[in-house]
Amino acid sequence: MIKKKTIEECMAMLHWITENKVTVEKLAEDRIRHIKDLFRRKNKIYFCGKLPWILGVYEEASNLYCGNEVGFIDLSEKDEHTRLLSECDVEKDALYIICSRSCFEEYLMKLKEGAVICYQEFLLLLEKELPMLYREDKFEHSVAAAKELMQNVLEHSAEYEVLMQSLSDEESRFILAAILMFRVTFDPTYALGMKTENTHYWDESFYQFTENDVIVEGGGYTGDSLLSFADSGKVCREYHLFEPTDAIEKAKACQPDRFPVYYHKKGLYDADGILSFSMQTDKDGELLGVSKVDEAGESSINVTRLDSEITCAPTFVKMDIEGSELAALNGGRGIFTDFTNYAICAYHRVNDILELWSWMKANTKSSYYMRAEQNNPMAEFVLYAIATKK
């Protein structure tokens with residue numbers, strides 16, 4: 001019932017935007033009024049996120065909440081001023097500001113019974129850029145980024161209406177509705193219920209894998225998706241894993257015994273070559289910030305067109321490659337067929353959903369679905385094109 005209501009609310013919102021001259025300034029004013037009202041009604045404010053960043057947020061904006069008691073909540077770090085999320089009880093007189101994209105779900109699920117907002121809404125009130133934890137996050141943590149999310153829906157409301165009607169099941173329509181309602185309101189509770197259980201890209205409710213499948217994975221990283229595929233008992237004829245960084249060495253340890261895996265230490269793109277790459281890792285090689293193709297990147301990676309690297313036609317293509325998905329799809333057009341199916345991450349760039357769907361419409365004969373790895377309207381959601389031909 002909640003999912004149906006969210007879909008209906010989103011369709012009404014899209015229609016209203018299409019029919020009226022709604023501006024980002026008008027939407028921002030509404031959210032600013034909302035947060036100011038919460039500031040007046042709540043005695044305490046908790047900033048939730050990575051400790052160095054939320055401390056910087058507090059220092060930059062301390063004049064906004066001089067009458068409120070302020071605290072900090074982190075997932076893993078604790079000091080005299082900061083509590084661990086696992087040790088927190090929801091306080092009814094407190095406002096919680098989620099200042100994390102990657103750990104959004106953990107904070108939301110713990111604090112959902114309280115008054116919760118997202119940092120984008122806070123950015124609109126602050127009207128200036130916040131200190132950055134990682135250089136790669138600079139744009140995302142800016143007022144311009146918050147307004148760009150709003151502007152994307154305003155400019156493309158009619159297209160989103162068509163996409164909503166093109167999705168093949170209610171689960172997909174709800175996920176898209178939750179994302180769009182969040183972009184207009186920054187209300188994190190729209191994300192509740194987005195997560196699709198036990199899929200990790202391999203949703204067999206609309207695609208059944210067989211021993212004849214040729215699978216291509218772009219962005220295999222350390223092999224977590226490969227392990228998920230193998231551990232669920234699935235089989236295929238060939239599995240091609242592409243990963244341009246040294247993380248592929250860990251992936252190579254995931255060799256299943258029921259099907260062959262071919263490891264390619266390259267990124268997928270629309271041309272063969274070498275590109276600058278930006279990536280921050282800890283001492284164990286785990287990712288800390290955003291990794292992506294970046295002209296100002298401090299390292300480089302080898303990239304290739306998929307159709308110049310393998311010759312067999314893939315039946316299932318999964319991509320999570322930090323915003324290069326569209327280029328990589330264009331780089332595989334020489335071997336894609338009407339029987340190729342796609343699971344493509346659609347959250348790295350603001351207009352990914354529409355651009356990837358447009359590519360799918362132009363290049364496939366498919367039914368379209370969306371699934372979400374998390375209750376998170378900013379990350380980890382996937383657009384599928386499932387071939388109507390068998």
# chains A, B, ... in the order shown; residues from 1 in each chain; ligands from 1
$ residues_around --residues "region 77-83 of chain A" --least-positions-apart "6" --cutoff "12 Å" --atoms "only C-alpha atoms" --output "list in words"
Tyr46, Phe47, Cys48, Gly49, Lys50, Leu51, Pro52, Ile54, Leu55, Glu69, Val70, Gly71 and Asp89 of chain A
$ residues_around --residues "region 327-343 of chain A" --least-positions-apart "2" --cutoff "7 Å" --atoms "only C-alpha atoms" --output "list in words"
Tyr201, Leu268, Tyr269, Asp270, Ala271, Arg305, Leu306, Asp307, Ala313, Pro314, Thr315, Phe316, Val317, Lys318, Met319, Ser324, Glu325, Cys345, Thr364, Lys365, Val382, Leu383, Tyr384, Ala385, Ile386, Ala387, Lys389 and Lys390 of chain A
$ select_by_dssp --residues "region 140-198 of chain A" --states "helix (DSSP H, G or I)" --output "PyMOL selection string"
chain A and resi 143-155+157-166+170-185+188-191
$ closest_residue --among "A:Thr222, A:Ile7, A:Ser276, A:Ala230" --to "Tyr263 (chain A)" --atoms "only C-alpha atoms"
A:Thr222
$ select_by_dssp --residues "region 9-222 of chain A" --states "strand (DSSP E or B)" --output "VMD selection string"
chain A and resid 44 to 48 69 to 74 82 to 84 94 to 98 115 to 118 167 214 to 218
$ write_last_selection --atoms "N, CA and C atoms" --output "PDB file, in the first residue's frame"
ATOM      1  N   LYS A  44      17.700  19.337  20.287  1.00  0.00           N
ATOM      2  CA  LYS A  44      19.027  18.792  19.999  1.00  0.00           C
ATOM      3  C   LYS A  44      19.177  18.568  18.500  1.00  0.00           C
ATOM      4  N   ILE A  45      20.397  18.700  18.031  1.00  0.00           N
ATOM      5  CA  ILE A  45      20.727  18.383  16.632  1.00  0.00           C
ATOM      6  C   ILE A  45      21.912  17.424  16.630  1.00  0.00           C
ATOM      7  N   TYR A  46      21.749  16.306  15.931  1.00  0.00           N
ATOM      8  CA  TYR A  46      22.838  15.344  15.788  1.00  0.00           C
ATOM      9  C   TYR A  46      23.274  15.287  14.323  1.00  0.00           C
ATOM     10  N   PHE A  47      24.565  15.463  14.087  1.00  0.00           N
ATOM     11  CA  PHE A  47      25.137  15.285  12.758  1.00  0.00           C
ATOM     12  C   PHE A  47      25.655  13.855  12.663  1.00  0.00           C
ATOM     13  N   CYS A  48      25.217  13.138  11.632  1.00  0.00           N
ATOM     14  CA  CYS A  48      25.518  11.717  11.512  1.00  0.00           C
ATOM     15  C   CYS A  48      26.364  11.482  10.269  1.00  0.00           C
ATOM     16  N   GLU A  69      21.260  22.182  21.405  1.00  0.00           N
ATOM     17  CA  GLU A  69      22.350  21.306  21.838  1.00  0.00           C
ATOM     18  C   GLU A  69      22.778  20.475  20.637  1.00  0.00           C
ATOM     19  N   VAL A  70      24.083  20.351  20.415  1.00  0.00           N
ATOM     20  CA  VAL A  70      24.596  19.674  19.224  1.00  0.00           C
ATOM     21  C   VAL A  70      25.418  18.456  19.617  1.00  0.00           C
ATOM     22  N   GLY A  71      25.239  17.364  18.854  1.00  0.00           N
ATOM     23  CA  GLY A  71      26.034  16.167  19.068  1.00  0.00           C
ATOM     24  C   GLY A  71      26.411  15.529  17.746  1.00  0.00           C
ATOM     25  N   PHE A  72      27.239  14.496  17.818  1.00  0.00           N
ATOM     26  CA  PHE A  72      27.745  13.835  16.615  1.00  0.00           C
ATOM     27  C   PHE A  72      27.595  12.322  16.760  1.00  0.00           C
ATOM     28  N   ILE A  73      27.266  11.667  15.651  1.00  0.00           N
ATOM     29  CA  ILE A  73      27.098  10.214  15.637  1.00  0.00           C
ATOM     30  C   ILE A  73      27.889   9.649  14.467  1.00  0.00           C
ATOM     31  N   ASP A  74      28.716   8.651  14.745  1.00  0.00           N
ATOM     32  CA  ASP A  74      29.548   8.010  13.730  1.00  0.00           C
ATOM     33  C   ASP A  74      29.303   6.510  13.782  1.00  0.00           C
ATOM     34  N   THR A  82      31.406  12.388  20.511  1.00  0.00           N
ATOM     35  CA  THR A  82      30.783  11.592  19.448  1.00  0.00           C
ATOM     36  C   THR A  82      30.322  10.232  19.965  1.00  0.00           C
ATOM     37  N   ARG A  83      29.092   9.881  19.617  1.00  0.00           N
ATOM     38  CA  ARG A  83      28.531   8.595  20.003  1.00  0.00           C
ATOM     39  C   ARG A  83      28.550   7.645  18.816  1.00  0.00           C
ATOM     40  N   LEU A  84      28.569   6.345  19.105  1.00  0.00           N
ATOM     41  CA  LEU A  84      28.447   5.339  18.066  1.00  0.00           C
ATOM     42  C   LEU A  84      26.979   5.123  17.742  1.00  0.00           C
ATOM     43  N   ALA A  94      14.980  15.394  19.264  1.00  0.00           N
ATOM     44  CA  ALA A  94      16.214  15.619  18.501  1.00  0.00           C
ATOM     45  C   ALA A  94      15.942  15.597  16.998  1.00  0.00           C
ATOM     46  N   LEU A  95      16.763  16.343  16.265  1.00  0.00           N
ATOM     47  CA  LEU A  95      16.785  16.323  14.809  1.00  0.00           C
ATOM     48  C   LEU A  95      18.079  15.657  14.367  1.00  0.00           C
ATOM     49  N   TYR A  96      17.981  14.670  13.477  1.00  0.00           N
ATOM     50  CA  TYR A  96      19.153  13.946  12.998  1.00  0.00           C
ATOM     51  C   TYR A  96      19.409  14.339  11.538  1.00  0.00           C
ATOM     52  N   ILE A  97      20.627  14.803  11.264  1.00  0.00           N
ATOM     53  CA  ILE A  97      21.007  15.180   9.901  1.00  0.00           C
ATOM     54  C   ILE A  97      21.971  14.123   9.369  1.00  0.00           C
ATOM     55  N   ILE A  98      21.524  13.358   8.370  1.00  0.00           N
ATOM     56  CA  ILE A  98      22.376  12.316   7.786  1.00  0.00           C
ATOM     57  C   ILE A  98      23.347  12.971   6.811  1.00  0.00           C
ATOM     58  N   ALA A 115      13.073  12.382  13.891  1.00  0.00           N
ATOM     59  CA  ALA A 115      13.033  13.438  12.870  1.00  0.00           C
ATOM     60  C   ALA A 115      14.360  13.414  12.131  1.00  0.00           C
ATOM     61  N   VAL A 116      14.331  13.017  10.855  1.00  0.00           N
ATOM     62  CA  VAL A 116      15.548  12.811  10.078  1.00  0.00           C
ATOM     63  C   VAL A 116      15.493  13.641   8.800  1.00  0.00           C
ATOM     64  N   ILE A 117      16.584  14.335   8.503  1.00  0.00           N
ATOM     65  CA  ILE A 117      16.731  15.022   7.220  1.00  0.00           C
ATOM     66  C   ILE A 117      18.086  14.638   6.630  1.00  0.00           C
ATOM     67  N   CYS A 118      18.312  15.042   5.368  1.00  0.00           N
ATOM     68  CA  CYS A 118      19.581  14.760   4.706  1.00  0.00           C
ATOM     69  C   CYS A 118      20.414  16.024   4.563  1.00  0.00           C
ATOM     70  N   LEU A 167       8.182   1.085 -17.036  1.00  0.00           N
ATOM     71  CA  LEU A 167       8.736   0.061 -16.152  1.00  0.00           C
ATOM     72  C   LEU A 167       7.738  -1.084 -15.989  1.00  0.00           C
ATOM     73  N   VAL A 214      26.635 -16.239 -21.215  1.00  0.00           N
ATOM     74  CA  VAL A 214      27.956 -15.599 -21.239  1.00  0.00           C
ATOM     75  C   VAL A 214      27.798 -14.263 -20.510  1.00  0.00           C
ATOM     76  N   ILE A 215      28.455 -14.153 -19.377  1.00  0.00           N
ATOM     77  CA  ILE A 215      28.264 -12.986 -18.509  1.00  0.00           C
ATOM     78  C   ILE A 215      29.481 -12.079 -18.592  1.00  0.00           C
ATOM     79  N   VAL A 216      29.237 -10.784 -18.704  1.00  0.00           N
ATOM     80  CA  VAL A 216      30.283  -9.773 -18.659  1.00  0.00           C
ATOM     81  C   VAL A 216      30.011  -8.880 -17.463  1.00  0.00           C
ATOM     82  N   GLU A 217      31.013  -8.720 -16.619  1.00  0.00           N
ATOM     83  CA  GLU A 217      30.896  -7.809 -15.475  1.00  0.00           C
ATOM     84  C   GLU A 217      31.919  -6.696 -15.607  1.00  0.00           C
ATOM     85  N   GLY A 218      31.449  -5.469 -15.740  1.00  0.00           N
ATOM     86  CA  GLY A 218      32.324  -4.306 -15.735  1.00  0.00           C
ATOM     87  C   GLY A 218      32.375  -3.709 -14.345  1.00  0.00           C
TER      88      GLY A 218
END
$ closest_residue --among "A:Lys92, A:Asn20, A:Asp187, A:Trp359" --to "Tyr119 (chain A)" --atoms "only C-alpha atoms"
A:Asp187
